[in-house]
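**Q** Here you go, one structure.
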Amino acid sequence: MMEDILLHINNASFHVRTSGDDSLLSVLRNDLHLYGTKYGCGEGQCGACTVLVDGVARRSCRMRVSSAANAEITTIEGLESNGALHPVQQAFLEEEAFQCGYCTSGMILSAANLLRDHPRPTDQQIIEYMNGNICRCGTYPRIVAAIQRAAELEAKGGAGHANR
Amino acid sequence: MPTDEMVARLHWFRLDRREFLRLCGGGLLVCLTGVRDEAQESGRGSRDQVLPQEIGAWLHIDEGSRITVFTGKVEVGQNIRTSLAQLVADEIRASFDSITMVMGDTDLVPWDMGTFGSRSMPIMGPQLRNMAAAARQLLVDTAAQRWKVDPAALTAANGKVVNPKTGHSLAYGEITRGEKLTQTVANDPHLTPVIEWKIAGKAIPKVDGREFVTGKHHYPSDIVRPGMMSGKVLRPSGFNATLVSVDTSAADKMPGVRAVRDGDFIGLVAPDDRTAEQAISAIQAKWNVPSQISNQELFDYLRKHPEGEERGEPNETGSVQRAMATADVKLEQHYTLQYIAHAPLEPRAAVAEWNGDKLTVWTGTQRPFGVRDELAAAFRISAAKVRVIMPDMGSGYGGKHTGECAVEAARLAKAADKPVRVVWTREEEFTWAYFRPAGWIGIRSGAKRDGTLVAWEHHNYNSGPGGINTPYNVVSPITQFHPATSPLRQGSYRALAATANHFAREVHMDELAHAVGMDPLEFRLKNLTDPRLRAVFQAAAERFDWGKRKPAPSHGFGIAGGLEKGGYVATCVDVEMDSANKRVRLHHVVEAWESGAIVNPEGLRNQILGSVVQAIGGALFEEIHFKDGRILNPHFAQYRVPRFSDMPEIDMVLIDRKDLPSTGAGETPIVGLAPAVSNAIFTVTGKRLRDMPMAANAELAS
């Protein structure tokens, strides 16, 4: 059954005509060409497809697109603000918390949600919160350090955001 | 602008290399010839090239002083794009930002065997430095002619040639403007000493890092072409299956879908991914899958099914028997490793496009020229008609040497007469890629009561000969690799067999140390001369306080090390067992590493870190389960990879040998962890774990 669905993504609105059963990931990539959101497993096991839905980190591969209608969706492409990096993006760059970078979009969006819930997380909170995201290159300790750095940047008023 | 990019690529698409080089226009072009055989496998795959076969790389400086370097190496997360550019910038005396690396595009770069075996840094590094040094000299000479002065009176710095006496300076682009300079250089090292490096040796951040944290980088699976369709391939219900019958009529009725059959290959194209998925599941096929072995019979099978030539000296002279007779302590044990999967987070992906009889494929591979040749063979066309472009990909770890997905996309694109993209699912990647070989390793050894090693015999079945030779002092050791018929498709992997051979050897050495009642580090050092390996053992031990502190209750310490591909590693671990001595957790890892002069310390730390983390998976829980031609755990929910919660504290000790050539560091740092973990577990539990993985079901293997 094809439906017309209105999506609010990165402060813009998109009409898509699709099956409501289709995954949000599929619509982001195939219909809207937002390729920053990655396919890693299609089973919610790796976190590469993570996006924010009303600020909450969700696995877009396991989310029906119809259930994302009317929500505010943020993908990695929408995290910058007026050309300034989000503190988590800035911190990932500074800590070089990635190698191939394929997991990075999902890591950054998961971390953004974590820091909203826990502005000054402990390492243990980071590990528990992020455990559903796989980095096959094995940069986990750098990602933990980057999230701690992002928390410091946000506490100081937000890294790149403060520089604009 | 994306549009401009597309036009440019279409334009380049019809060019051969000579035209491309002509299009470089003015400026300076430097070609490197006479590269060593091991770098290029000379002759192979190069017959269709316009330029001499031996060219290893080239470098171009345009009139705006921009420096472009062309190499067949590829970037897969190991940061080689950055570290090679650092070497060029330093040698040519220009800013890091003025360098652009063009990598892994078979129409634009010289032929290269591929990015594997830790060869990029030790082989491509010096090649590019030679070229950059030759370019600098030519720029100085040209400026000297223009100024009518002695070139020896001039210096090159910051992208300029300067006359210190007059204060005159010319930017590189000003020197080459209106000129067409070419220089061909042989492999004649005349390089800046490492101690004078200003850009190399520093922690320069990753090139294009911002593209990765903003989602703008386009991986192979993100490539889009005009009119592109989605492709899917129908997978057999098991390995070695034959097709009995197939009915594609339901799929063919779907709008825009076209099924393609070519022998036992069945695929389809569809307007989009979701239609392609629906259509592929609508195809009815019957397969005949022969009965095949499972993990249960694996090691017996490998030992009973030899294939090909054995490598290494057989024990025909009886030297090991005679040496064994002089030993006070004798030991014979065997060690095993299961198949494991690379599981790169980006699965195989390819976009194929035919333009007349010319084929272009964007795909993730460590061997763009190898995939080009696979495509040429598959479609019986000249390799010159095939262009493979490798966008920096979602890694490989040795798992993306082959071009299956590229061939599939090209076959479907040929049928559809449109560009086609194929992206493998996670299940396809876990099933239809290839695995790190399983292996069975038997070791027989003898030592004197005082800890002197006197006899050594090491036989590896199937996993490979890498790292098989013992670095320890022993007269007439026997080491042999016995190739076997593998029940699963197997291939390269990070450090490949060096992991297996180090696991067996370093656990066995630990067993010997305990048998003669010596400290495991002391026992190793007593039998070891190689100063570089001794240095990493001592560095790791010092950082770990080996021998100076006692483990906490239910904790144990282990040590292991070795060398392979020019890199030296030693690893100390502190493991923690649960109260039942069943579950193990890594508490702390210290790894010391030496690979000559360090080119980028942060990049190096990242590679060592990644190796240690990946090693945890293979050591403790990664294992492919298979039966009757099927993979039984082709999902991340069933195939456990290391996650955040598995991380120990990881300390790295880097030894920077500025007096030694830089070697590769993406692989060998993986080999020390597994044996060190086994050795540590033994000290707590008294149980020897000789099978990888050691804790596949979260409990120790018995």
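Identifiers in this document derive from the order of the structure tokens: chains are assigned A, B, ..., residues are numbered from 1 separately in each chain, and ligands are numbered from 1 in order of occurrence.
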When you look at segment 158-174 of chain B with a cut-off of 12 Å (counting only C-alpha atoms), what residues show up, excluding the ones that are within fewer than 2 positions of it in the same chain? I need them as a PyMOL selection string.
**A** chain B and resi 26-28+60-67+88-99+132+135-144+146-156+176-181+198-199
**Q** Return as CSV the residues of chain B lying at most 7 Å from chain A, together with the closest atom-to-atom pair for each and the distance in Å to one decimal, counting only C-alpha atoms, with rows in chain order and ascending residue number.
**A**
residue,atom,partner,partner_atom,distance
B:Val76,CA,A:Cys100,CA,5.7
B:Gly77,CA,A:Cys100,CA,3.6
B:Gln78,CA,A:Gln99,CA,6.3
B:Gly209,CA,A:Leu93,CA,6.5
B:Arg210,CA,A:Leu93,CA,7.0
B:Phe212,CA,A:Gly101,CA,5.8
B:Val213,CA,A:Gln89,CA,5.6
B:Thr214,CA,A:Ile76,CA,5.9
B:Gly215,CA,A:Gly36,CA,4.0
B:Lys216,CA,A:Gly36,CA,6.2
B:Asp222,CA,A:Tyr35,CA,6.0
B:Pro344,CA,A:Arg136,CA,6.3
B:Leu345,CA,A:Gly40,CA,5.5
B:Glu346,CA,A:Gly40,CA,6.0
B:Met393,CA,A:Cys100,CA,6.7
B:Gly394,CA,A:Tyr102,CA,5.1
B:Ser395,CA,A:Cys100,CA,5.7
B:Thr425,CA,A:Cys41,CA,6.9
B:Arg426,CA,A:Cys41,CA,4.9
B:Leu609,CA,A:Gly138,CA,6.8
B:Gly610,CA,A:Gly138,CA,4.4
B:Val613,CA,A:Gly138,CA,5.2
B:Gln614,CA,A:Gly138,CA,6.3
B:Phe636,CA,A:Gln45,CA,6.0
B:Ala637,CA,A:Gln45,CA,6.3
B:Arg643,CA,A:Asn131,CA,6.1
B:Phe644,CA,A:Asn131,CA,5.3
B:Ser645,CA,A:Ile127,CA,5.8
**Q** Taking only residues of segment 23-56 of chain A that have an atom at most 12 Å from an atom of segment 3-12 of chain A, what is each one's shortest atom pair and its distance in Å to one decimal, using only C-alpha atoms, in chain and number order, as a tab-separated table?
**A**
residue	atom	partner	partner_atom	distance
A:Leu24	CA	A:Leu7	CA	9.9
A:Val27	CA	A:Leu7	CA	10.0
A:Leu28	CA	A:Ile9	CA	9.3
A:Asp31	CA	A:Leu7	CA	11.6
A:Leu32	CA	A:Ile9	CA	9.9
A:Leu34	CA	A:Ile9	CA	10.0
A:Val51	CA	A:Ile9	CA	10.2
A:Leu52	CA	A:Ile9	CA	9.7
A:Val53	CA	A:Ile9	CA	9.2
A:Asp54	CA	A:His8	CA	10.1
A:Gly55	CA	A:Asn10	CA	11.4
**Q** Let's have the selection written as a JSON list (two decimals), in the first residue's frame, with C-alpha atoms.
**A**
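Heads up, here's the output in part_23.json:
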[["chain", "number", "residue", "atom", "x", "y", "z"],
["A", 24, "LEU", "CA", 12.97, 5.10, 7.73],
["A", 27, "VAL", "CA", 13.43, 6.37, 2.74],
["A", 28, "LEU", "CA", 16.30, 8.53, 4.00],
["A", 31, "ASP", "CA", 14.09, 8.64, -1.58],
["A", 32, "LEU", "CA", 15.80, 11.60, 0.03],
["A", 34, "LEU", "CA", 20.56, 11.48, 2.74],
["A", 51, "VAL", "CA", 19.08, 9.01, 13.76],
["A", 52, "LEU", "CA", 17.37, 11.28, 16.28],
["A", 53, "VAL", "CA", 13.58, 11.15, 16.31],
["A", 54, "ASP", "CA", 12.28, 13.94, 18.54],
["A", 55, "GLY", "CA", 15.76, 13.99, 20.05]]
**Q** Residues within 7 Å of His482 of chain B, please, as a ChimeraX atom specification. Count only C-alpha atoms; anything in the same chain fewer than 4 positions from it doesn't count.
**A** /B:306,310-311,460-462
**Q** Filtering to C-alpha atoms, could you give me those residues as a tab-separated table (two decimals), in the first residue's frame?
**A**
chain	number	residue	atom	x	y	z
B	306	PRO	CA	45.91	-31.95	2.05
B	310	GLU	CA	53.76	-28.33	1.72
B	311	ARG	CA	56.00	-25.45	2.59
B	460	ASN	CA	50.39	-25.61	10.66
B	461	TYR	CA	47.46	-27.15	8.79
B	462	ASN	CA	45.50	-24.76	6.60
**Q** Could you pull out the strand (DSSP E) residues of segment 24-251 of chain B, going by DSSP on the backbone, and write them as a count of residues only?
**A** 47
**Q** Could you build a table of the residues in segment 312-355 of chain B lying no more than 12 Å from segment 292-301 of chain B, giving for each the nearest pair of atoms and their separation in Å rounded to one decimal place, using only C-alpha atoms, ordered by chain and ascending residue number, as a Markdown table?
**A**
| residue | atom | partner | partner_atom | distance |
| --- | --- | --- | --- | --- |
| B:His334 | CA | B:Phe299 | CA | 10.9 |
| B:Tyr335 | CA | B:Phe299 | CA | 10.2 |
| B:Thr336 | CA | B:Phe299 | CA | 7.8 |
| B:Leu337 | CA | B:Phe299 | CA | 9.1 |
| B:Gln338 | CA | B:Asn295 | CA | 8.0 |
| B:Tyr339 | CA | B:Asn295 | CA | 9.1 |
| B:Ile340 | CA | B:Asn295 | CA | 11.9 |
**Q** Since we have the selection now, will you write its residues out, keeping N, CA and C atoms, as a PDB file, in the first residue's frame?
**A**
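What landed in again03.pdb:
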ATOM      1  N   HIS B 334      48.691 -29.427  20.694  1.00  0.00           N
ATOM      2  CA  HIS B 334      48.151 -28.811  19.478  1.00  0.00           C
ATOM      3  C   HIS B 334      47.165 -27.703  19.830  1.00  0.00           C
ATOM      4  N   TYR B 335      46.980 -26.832  18.860  1.00  0.00           N
ATOM      5  CA  TYR B 335      46.231 -25.588  19.038  1.00  0.00           C
ATOM      6  C   TYR B 335      45.311 -25.435  17.833  1.00  0.00           C
ATOM      7  N   THR B 336      44.133 -24.855  18.026  1.00  0.00           N
ATOM      8  CA  THR B 336      43.205 -24.709  16.901  1.00  0.00           C
ATOM      9  C   THR B 336      42.631 -23.301  16.835  1.00  0.00           C
ATOM     10  N   LEU B 337      42.209 -22.953  15.639  1.00  0.00           N
ATOM     11  CA  LEU B 337      41.494 -21.691  15.408  1.00  0.00           C
ATOM     12  C   LEU B 337      40.320 -21.960  14.487  1.00  0.00           C
ATOM     13  N   GLN B 338      39.161 -21.392  14.846  1.00  0.00           N
ATOM     14  CA  GLN B 338      37.977 -21.513  13.998  1.00  0.00           C
ATOM     15  C   GLN B 338      38.021 -20.467  12.872  1.00  0.00           C
ATOM     16  N   TYR B 339      37.174 -20.653  11.872  1.00  0.00           N
ATOM     17  CA  TYR B 339      36.959 -19.601  10.876  1.00  0.00           C
ATOM     18  C   TYR B 339      36.360 -18.383  11.569  1.00  0.00           C
ATOM     19  N   ILE B 340      36.825 -17.199  11.164  1.00  0.00           N
ATOM     20  CA  ILE B 340      36.139 -15.984  11.621  1.00  0.00           C
ATOM     21  C   ILE B 340      35.852 -15.082  10.431  1.00  0.00           C
TER      22      ILE B 340
END
**Q** Find the residues near segment 327-332 of chain B: any atom within 8 Å, counting only C-alpha atoms, skip ones fewer than 6 places away on the same chain, and give them as a PyMOL selection string.
**A** chain B and resi 442-449+454-455+512+515-516
**Q** Mind writing the picked residues with N, CA and C atoms as a PDB file, in the first residue's frame?
**A**
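Below is the file part21.pdb, written as the result:
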ATOM      1  N   GLY B 442      50.248 -28.139  15.372  1.00  0.00           N
ATOM      2  CA  GLY B 442      50.897 -29.043  16.328  1.00  0.00           C
ATOM      3  C   GLY B 442      52.321 -28.574  16.592  1.00  0.00           C
ATOM      4  N   ILE B 443      52.715 -28.535  17.867  1.00  0.00           N
ATOM      5  CA  ILE B 443      54.082 -28.136  18.215  1.00  0.00           C
ATOM      6  C   ILE B 443      54.686 -29.181  19.156  1.00  0.00           C
ATOM      7  N   ARG B 444      55.927 -29.547  18.853  1.00  0.00           N
ATOM      8  CA  ARG B 444      56.694 -30.457  19.691  1.00  0.00           C
ATOM      9  C   ARG B 444      57.979 -29.728  20.050  1.00  0.00           C
ATOM     10  N   SER B 445      58.356 -29.773  21.323  1.00  0.00           N
ATOM     11  CA  SER B 445      59.527 -28.991  21.731  1.00  0.00           C
ATOM     12  C   SER B 445      60.243 -29.660  22.887  1.00  0.00           C
ATOM     13  N   GLY B 446      61.467 -29.202  23.121  1.00  0.00           N
ATOM     14  CA  GLY B 446      62.236 -29.681  24.263  1.00  0.00           C
ATOM     15  C   GLY B 446      63.117 -28.570  24.806  1.00  0.00           C
ATOM     16  N   ALA B 447      63.341 -28.599  26.124  1.00  0.00           N
ATOM     17  CA  ALA B 447      64.197 -27.594  26.764  1.00  0.00           C
ATOM     18  C   ALA B 447      65.054 -28.261  27.825  1.00  0.00           C
ATOM     19  N   LYS B 448      66.192 -27.634  28.096  1.00  0.00           N
ATOM     20  CA  LYS B 448      67.044 -28.070  29.202  1.00  0.00           C
ATOM     21  C   LYS B 448      66.451 -27.561  30.519  1.00  0.00           C
ATOM     22  N   ARG B 449      66.877 -28.198  31.603  1.00  0.00           N
ATOM     23  CA  ARG B 449      66.403 -27.794  32.936  1.00  0.00           C
ATOM     24  C   ARG B 449      66.673 -26.309  33.195  1.00  0.00           C
ATOM     25  N   VAL B 454      65.984 -26.426  23.165  1.00  0.00           N
ATOM     26  CA  VAL B 454      66.879 -27.254  22.352  1.00  0.00           C
ATOM     27  C   VAL B 454      66.184 -27.888  21.149  1.00  0.00           C
ATOM     28  N   ALA B 455      64.861 -27.990  21.163  1.00  0.00           N
ATOM     29  CA  ALA B 455      64.175 -28.636  20.036  1.00  0.00           C
ATOM     30  C   ALA B 455      62.864 -27.928  19.746  1.00  0.00           C
ATOM     31  N   LEU B 512      56.184 -24.236  28.185  1.00  0.00           N
ATOM     32  CA  LEU B 512      57.565 -24.657  28.439  1.00  0.00           C
ATOM     33  C   LEU B 512      58.152 -23.915  29.640  1.00  0.00           C
ATOM     34  N   ALA B 515      56.920 -25.412  32.634  1.00  0.00           N
ATOM     35  CA  ALA B 515      57.464 -26.764  32.799  1.00  0.00           C
ATOM     36  C   ALA B 515      58.885 -26.741  33.370  1.00  0.00           C
ATOM     37  N   VAL B 516      59.654 -25.709  33.010  1.00  0.00           N
ATOM     38  CA  VAL B 516      61.016 -25.635  33.565  1.00  0.00           C
ATOM     39  C   VAL B 516      61.063 -24.731  34.790  1.00  0.00           C
TER      40      VAL B 516
END
**Q** Please list as a PyMOL selection string every residue within 12 Å of segment 153-158 of chain A, counting only C-alpha atoms and excluding residues in the same chain fewer than 2 positions away.
**A** chain A and resi 80-81+84-92+94+112+115-116+118-121+146-151+160-164
**Q** Save the residues we just selected, C-alpha atoms, as a JSON list (two decimals), in the first residue's frame?
**A**
[["chain", "number", "residue", "atom", "x", "y", "z"],
["A", 80, "GLU", "CA", 25.80, 21.24, 12.08],
["A", 81, "SER", "CA", 24.40, 24.62, 12.90],
["A", 84, "ALA", "CA", 29.55, 25.10, 12.88],
["A", 85, "LEU", "CA", 30.04, 21.55, 14.06],
["A", 86, "HIS", "CA", 27.99, 20.10, 16.90],
["A", 87, "PRO", "CA", 30.20, 19.62, 19.99],
["A", 88, "VAL", "CA", 30.11, 15.83, 19.50],
["A", 89, "GLN", "CA", 31.29, 16.19, 15.89],
["A", 90, "GLN", "CA", 34.01, 18.59, 16.99],
["A", 91, "ALA", "CA", 35.14, 16.22, 19.73],
["A", 92, "PHE", "CA", 35.24, 13.22, 17.37],
["A", 94, "GLU", "CA", 39.76, 16.36, 17.89],
["A", 112, "ALA", "CA", 24.23, 13.48, 21.11],
["A", 115, "LEU", "CA", 24.63, 13.96, 26.37],
["A", 116, "ARG", "CA", 21.12, 15.37, 26.32],
["A", 118, "HIS", "CA", 23.37, 12.90, 30.88],
["A", 119, "PRO", "CA", 25.28, 16.13, 30.29],
["A", 120, "ARG", "CA", 28.25, 14.90, 32.37],
["A", 121, "PRO", "CA", 28.23, 11.12, 31.93],
["A", 146, "ALA", "CA", 35.49, 12.04, 22.49],
["A", 147, "ILE", "CA", 32.14, 11.90, 24.30],
["A", 148, "GLN", "CA", 33.80, 13.12, 27.49],
["A", 149, "ARG", "CA", 35.42, 15.92, 25.52],
["A", 150, "ALA", "CA", 32.08, 16.81, 23.93],
["A", 151, "ALA", "CA", 30.54, 17.00, 27.40],
["A", 160, "GLY", "CA", 32.11, 25.01, 17.22],
["A", 161, "HIS", "CA", 28.74, 26.51, 18.01],
["A", 162, "ALA", "CA", 30.45, 29.02, 20.27],
["A", 163, "ASN", "CA", 32.97, 29.93, 17.59],
["A", 164, "ARG", "CA", 30.56, 31.14, 14.97]]
**Q** Skip Asp21 of chain A itself and residues of its chain fewer than 4 positions away, then list as a PyMOL selection string all residues within 9 Å of it, counting only C-alpha atoms.
**A** chain A and resi 1+63-66
